[in-house]
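The structure appears right after this line, and notes come after that.
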Amino acid sequence: MSNCAIVGINWGDEGKGRMVDLITENYDIVVRYQGGGNAGHTVINEFGKFALHLLPSGIFRQGVVNVLGNGVALDPENLLHEIETVMKKGVKLDETNLKISDRASLLLPWHRDLDALEEARLADKKYGSTRQGIAPFYSDKYQKKTVLAGELFYPEKLEEHLRELLEWKNLTLTRVYGAQPYTMDDLMRWVDDYANKIKPYVADTGKLLRQAEAEGKNVLFEAQLGALRDLDFGIVPYTTSSNTTAAFAPIGSGCPGAKIDEVIGVVKAYSTCVGEGPFTCEWFGEEAAKLREAGGEYGAKTGRPRRVGPIDIVATRYGVQVQAATCIALTKLDVLSYMDKIPVCTHYISGGEQTDEFPFPAALPEALPVTEYLPGWQTDISGCRKWEDLPEQARNYVKFIEERIGCHIGYVSVGPERDSIIVR
Ligand code: GDP
């Protein structure tokens with residue numbers, strides 16, 4: 001058995017979906033272990049182009065079982081919409097290749113409302129939430145105030161549980177935010193319209209994973225967002241509300257004892273960041289607009305223009321350490337082909353001194369980037385499939401990053417399509 005986690009090293013949107021789609025052919029099971037419908041994994045393959053939010057990116061491979069683990073924020077409404085979208089494009093999806101953990105907590109209708117209400121209250125201090133209810137969901141989960149997917153099989157207990165939660169949540173909605181309360185009718189309609197429709201996929205996925213382990217099957221753990229958005233190790237408070245790190249994969253998947261043999265950390269050849277928070281290497285103006293256009297940097301979920309900048313060695317090295325990456329996939333190298341010199345943020349100035357250490361969150365907003373330039377290649381590399389096919393300047397750029405971040409770059413991606421990859 002060989003297990004692998006595919007994780008983001010930076011702020012998310014590094015191209016994880018594309019890497020999972022590529023390597024799923026070597027795996028029997030793909031598990032999403034954290035996060036919800038708040039970010040998108042873009043996958044382009046023979047079925048078309050997809051922005052997956054909750055579905056594991058292994059859904060396109062025949063014979064691969066896809067699991068939504070107990071660690072995800074399971075939003076039945078979003079999930080059903082996504083299932084419908086992929087099925088319409090001819091993808092085979094049923095209860096044999098999609099399984100939802102009976103221990104996954106359900107994102108309830110008020111989570112989205114509370115997300116929007118709190119962002120509105122924060123006004124110009126907002127966190128930049130995608131308003132998918134993720135932060136209120138995880139807060140409630142830790143307060144033990146959500147329902148588990150498996151409760152759908154116990155309708156009477158479910159109704160009683162929802163009634164208790166409703167009474168509690170309406171206090172916050174009405175007294176804290178002055179919003180409309182929910183009624184039991186609202187909730188039961190939501191159960192009928194959405195929650196009950198995911199029931200066929202709900203199973204004891206912990207058992208399934210333990211069996212798979214015993215049979216020596218290969219499991220791929222798929223993360224959402226990146227190390228810098230990790231709830232514990234990221235740029236607090238501009239993180240997401242779950243653990244994006246590989247170490248959480250066994251827990252969020254439902255197989256706490258699983259060993260991860262390989263951690264593929266995905267890094268973009270330049271930096272992007274969606275939403276608020278410090279972004280030390282950020283570019284502005286014309287330079288930024290050009291890079292954003294070249295990379296098509298608009299959010300998969302929200303369409304928001306992403307903030308952009310050169311690759312950030314300080315943040316990336318930290319991400320590699322936090323993820324304990326064993327190998328790096330460098331994506332979107334092709335996007336840099338238009339530049340005559342390639343910028344690299346090599347160090348920070350923090351507290352008046354040059355540093356290689358990623359600063360503590362409170363010190364991060366004042367950090368300044370130190371930028372160096374490497375020669376560009378200014379030729380189309382999207383057709384390259386072998387390391388030797390790349391121009392020398394492109395190879396030097398990859399080697400420079402590899403040396404500085406201290407991790408082998410095993411994959412270089414030169415296009416969004418499945419086969420636009422160089423394995424090194
Ligand atoms: P994820 O959330 O980490 O899966 O990343 P996103 O899907 O949000 O963003 C990655 C974007 O880059 C998607 O639009 C991909 O199709 C695209 N992409 C991935 N790898 C490459 C690449 O090597 N070159 C180019 N040009 N696009 C890529």
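As shown in the structure tokens, the chain order sets the letters A, B, ...; within each chain, residues go from 1, and ligands are also counted from 1 in the order they appear.
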Can you tell me which residues sit at most 7 Å away from ligand 1, counting only C-alpha atoms and all ligand atoms, written as an NGL selection string? :A and (8 or 12-18 or 39-44 or 51 or 224-225 or 295 or 299-300 or 331-335 or 413-416 or 420)
If we count only C-alpha atoms, what is near Lys89 (chain A) at a cut-off of 9 Å, once residues fewer than 5 positions away on the same chain are taken out, given as a PyMOL selection string? chain A and resi 47-48+84
Take the residues from that selection and write them out as a tab-separated table (two decimals), in the first residue's frame, keeping N, CA, C and O atoms.
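Okay, this is what ended up in result-v2.tsv:
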```tsv
chain	number	residue	atom	x	y	z
A	47	PHE	N	-13.72	14.93	-20.40
A	47	PHE	CA	-15.14	15.25	-20.19
A	47	PHE	C	-15.42	16.76	-20.31
A	47	PHE	O	-16.55	17.19	-20.37
A	48	GLY	N	-14.38	17.56	-20.27
A	48	GLY	CA	-14.56	19.02	-20.35
A	48	GLY	C	-13.79	19.73	-19.25
A	48	GLY	O	-12.82	19.17	-18.70
A	84	GLU	N	-24.88	16.98	-10.23
A	84	GLU	CA	-25.69	17.15	-11.44
A	84	GLU	C	-24.83	17.68	-12.59
A	84	GLU	O	-24.90	17.19	-13.72
```
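Neighbours of Arg112 (chain A) closer than or equal to 7 Å, with only C-alpha atoms counted and sequence neighbours fewer than 4 positions away skipped, come out as Ala116, Arg131, Gln132 and Gly133 of chain A.
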Quick check for you: according to DSSP on this backbone, which residues of region 240-409 of chain A are classed as strand (DSSP E)? Reply as a PyMOL selection string. chain A and resi 262-268+270-273+307-312+327-331+341-350+353-355+368-375+409
Run DSSP on the backbone of this structure and report the residues of region 188-333 of chain A it assigns to helix (DSSP H, G or I), as a ChimeraX atom specification. /A:188-193,195-201,205-214,227-229,246-253,285-295,313-323,333
Among listed residues A:Leu228, A:Leu93, A:Cys407, A:Val176, nearest Thr272 (chain A) (using only C-alpha atoms):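 The closest residue to Thr272 (chain A) is A:Leu228.
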Excluding same-chain residues fewer than 2 positions from region 310-320 of chain A, what lies within 7 Å of it counting only C-alpha atoms, as a ChimeraX atom specification? /A:9-10,227-228,265,269-271,281,322-325,343-347,356-358,404-405
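Minimum distance to Glu164 (chain A) across A:Ala212, A:Met184, A:Val91, A:Leu52 (counting only C-alpha atoms) occurs at A:Met184.
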Extract, using only C-alpha atoms, all DNA, RNA and protein residues at most 7 Å from Glu282 (chain A), discarding same-chain residues fewer than 4 positions from it, and format them as number ranges by chain. A: 307-309
Dump all heavy atoms for the selected residues as a compact mmCIF listing (two decimals), in the first residue's frame?
```txt
# COMPACT_ATOMS: atom_id res chain seq x y z
N ARG A 307 -5.13 38.39 -6.33
CA ARG A 307 -3.94 39.22 -6.14
C ARG A 307 -2.75 38.40 -6.65
O ARG A 307 -2.72 37.17 -6.47
CB ARG A 307 -3.80 39.53 -4.64
CG ARG A 307 -5.00 40.31 -4.12
CD ARG A 307 -5.15 40.19 -2.62
NE ARG A 307 -4.15 40.95 -1.88
CZ ARG A 307 -3.97 40.86 -0.56
NH1 ARG A 307 -4.71 40.03 0.17
NH2 ARG A 307 -3.05 41.57 0.04
N VAL A 308 -1.80 39.06 -7.27
CA VAL A 308 -0.68 38.31 -7.88
C VAL A 308 0.66 38.93 -7.49
O VAL A 308 0.74 40.09 -7.08
CB VAL A 308 -0.79 38.29 -9.43
CG1 VAL A 308 -2.06 37.59 -9.88
CG2 VAL A 308 -0.75 39.70 -10.01
N GLY A 309 1.71 38.14 -7.68
CA GLY A 309 3.07 38.61 -7.42
C GLY A 309 4.05 37.52 -7.84
O GLY A 309 3.65 36.45 -8.29
```
Need the shell around Ser242 (chain A): protein/DNA/RNA residues with any atom at most 8 Å away, counting only C-alpha atoms. Skip same-chain ones fewer than 5 positions apart. Format as a PyMOL selection string? chain A and resi 34-35+138+230-231
Hey, can you spit out that residue selection with all heavy atoms as an mmCIF file, in the first residue's frame?
```cif
data_model
loop_
_atom_site.group_PDB
_atom_site.id
_atom_site.type_symbol
_atom_site.label_atom_id
_atom_site.label_comp_id
_atom_site.auth_asym_id
_atom_site.auth_seq_id
_atom_site.Cartn_x
_atom_site.Cartn_y
_atom_site.Cartn_z
ATOM 1 N N GLN A 34 -10.885 17.834 4.165
ATOM 2 C CA GLN A 34 -11.181 19.082 4.888
ATOM 3 C C GLN A 34 -11.819 20.073 3.931
ATOM 4 O O GLN A 34 -11.824 19.877 2.720
ATOM 5 C CB GLN A 34 -9.943 19.683 5.543
ATOM 6 C CG GLN A 34 -8.678 19.769 4.725
ATOM 7 C CD GLN A 34 -8.584 20.853 3.677
ATOM 8 O OE1 GLN A 34 -8.219 20.596 2.533
ATOM 9 N NE2 GLN A 34 -8.915 22.087 4.048
ATOM 10 N N GLY A 35 -12.342 21.167 4.477
ATOM 11 C CA GLY A 35 -12.873 22.248 3.654
ATOM 12 C C GLY A 35 -14.235 21.915 3.073
ATOM 13 O O GLY A 35 -14.793 20.836 3.322
ATOM 14 N N TYR A 138 -17.575 25.359 10.891
ATOM 15 C CA TYR A 138 -16.550 24.711 11.721
ATOM 16 C C TYR A 138 -16.657 25.159 13.181
ATOM 17 O O TYR A 138 -16.383 24.376 14.089
ATOM 18 C CB TYR A 138 -15.139 24.946 11.157
ATOM 19 C CG TYR A 138 -14.811 23.997 10.024
ATOM 20 C CD1 TYR A 138 -14.718 24.441 8.721
ATOM 21 C CD2 TYR A 138 -14.619 22.632 10.257
ATOM 22 C CE1 TYR A 138 -14.433 23.568 7.672
ATOM 23 C CE2 TYR A 138 -14.330 21.745 9.222
ATOM 24 C CZ TYR A 138 -14.228 22.222 7.933
ATOM 25 O OH TYR A 138 -13.951 21.350 6.905
ATOM 26 N N ASP A 230 -3.871 27.378 6.532
ATOM 27 C CA ASP A 230 -4.158 26.390 7.574
ATOM 28 C C ASP A 230 -4.588 27.099 8.860
ATOM 29 O O ASP A 230 -3.985 28.105 9.266
ATOM 30 C CB ASP A 230 -2.892 25.560 7.847
ATOM 31 C CG ASP A 230 -3.135 24.479 8.882
ATOM 32 O OD1 ASP A 230 -3.569 23.391 8.491
ATOM 33 O OD2 ASP A 230 -2.916 24.742 10.096
ATOM 34 N N LEU A 231 -5.586 26.562 9.485
ATOM 35 C CA LEU A 231 -6.162 27.184 10.681
ATOM 36 C C LEU A 231 -5.130 27.389 11.790
ATOM 37 O O LEU A 231 -5.155 28.390 12.502
ATOM 38 C CB LEU A 231 -7.319 26.310 11.191
ATOM 39 C CG LEU A 231 -8.074 26.781 12.430
ATOM 40 C CD1 LEU A 231 -8.712 28.129 12.223
ATOM 41 C CD2 LEU A 231 -9.160 25.756 12.785
#
```
Pick out the residues sitting within 9 Å of Asp21 (chain A), and hand them over as a ChimeraX atom specification; count only C-alpha atoms, and ignore anything fewer than 5 positions along from it in its own chain. /A:16,43-45,57-61,418
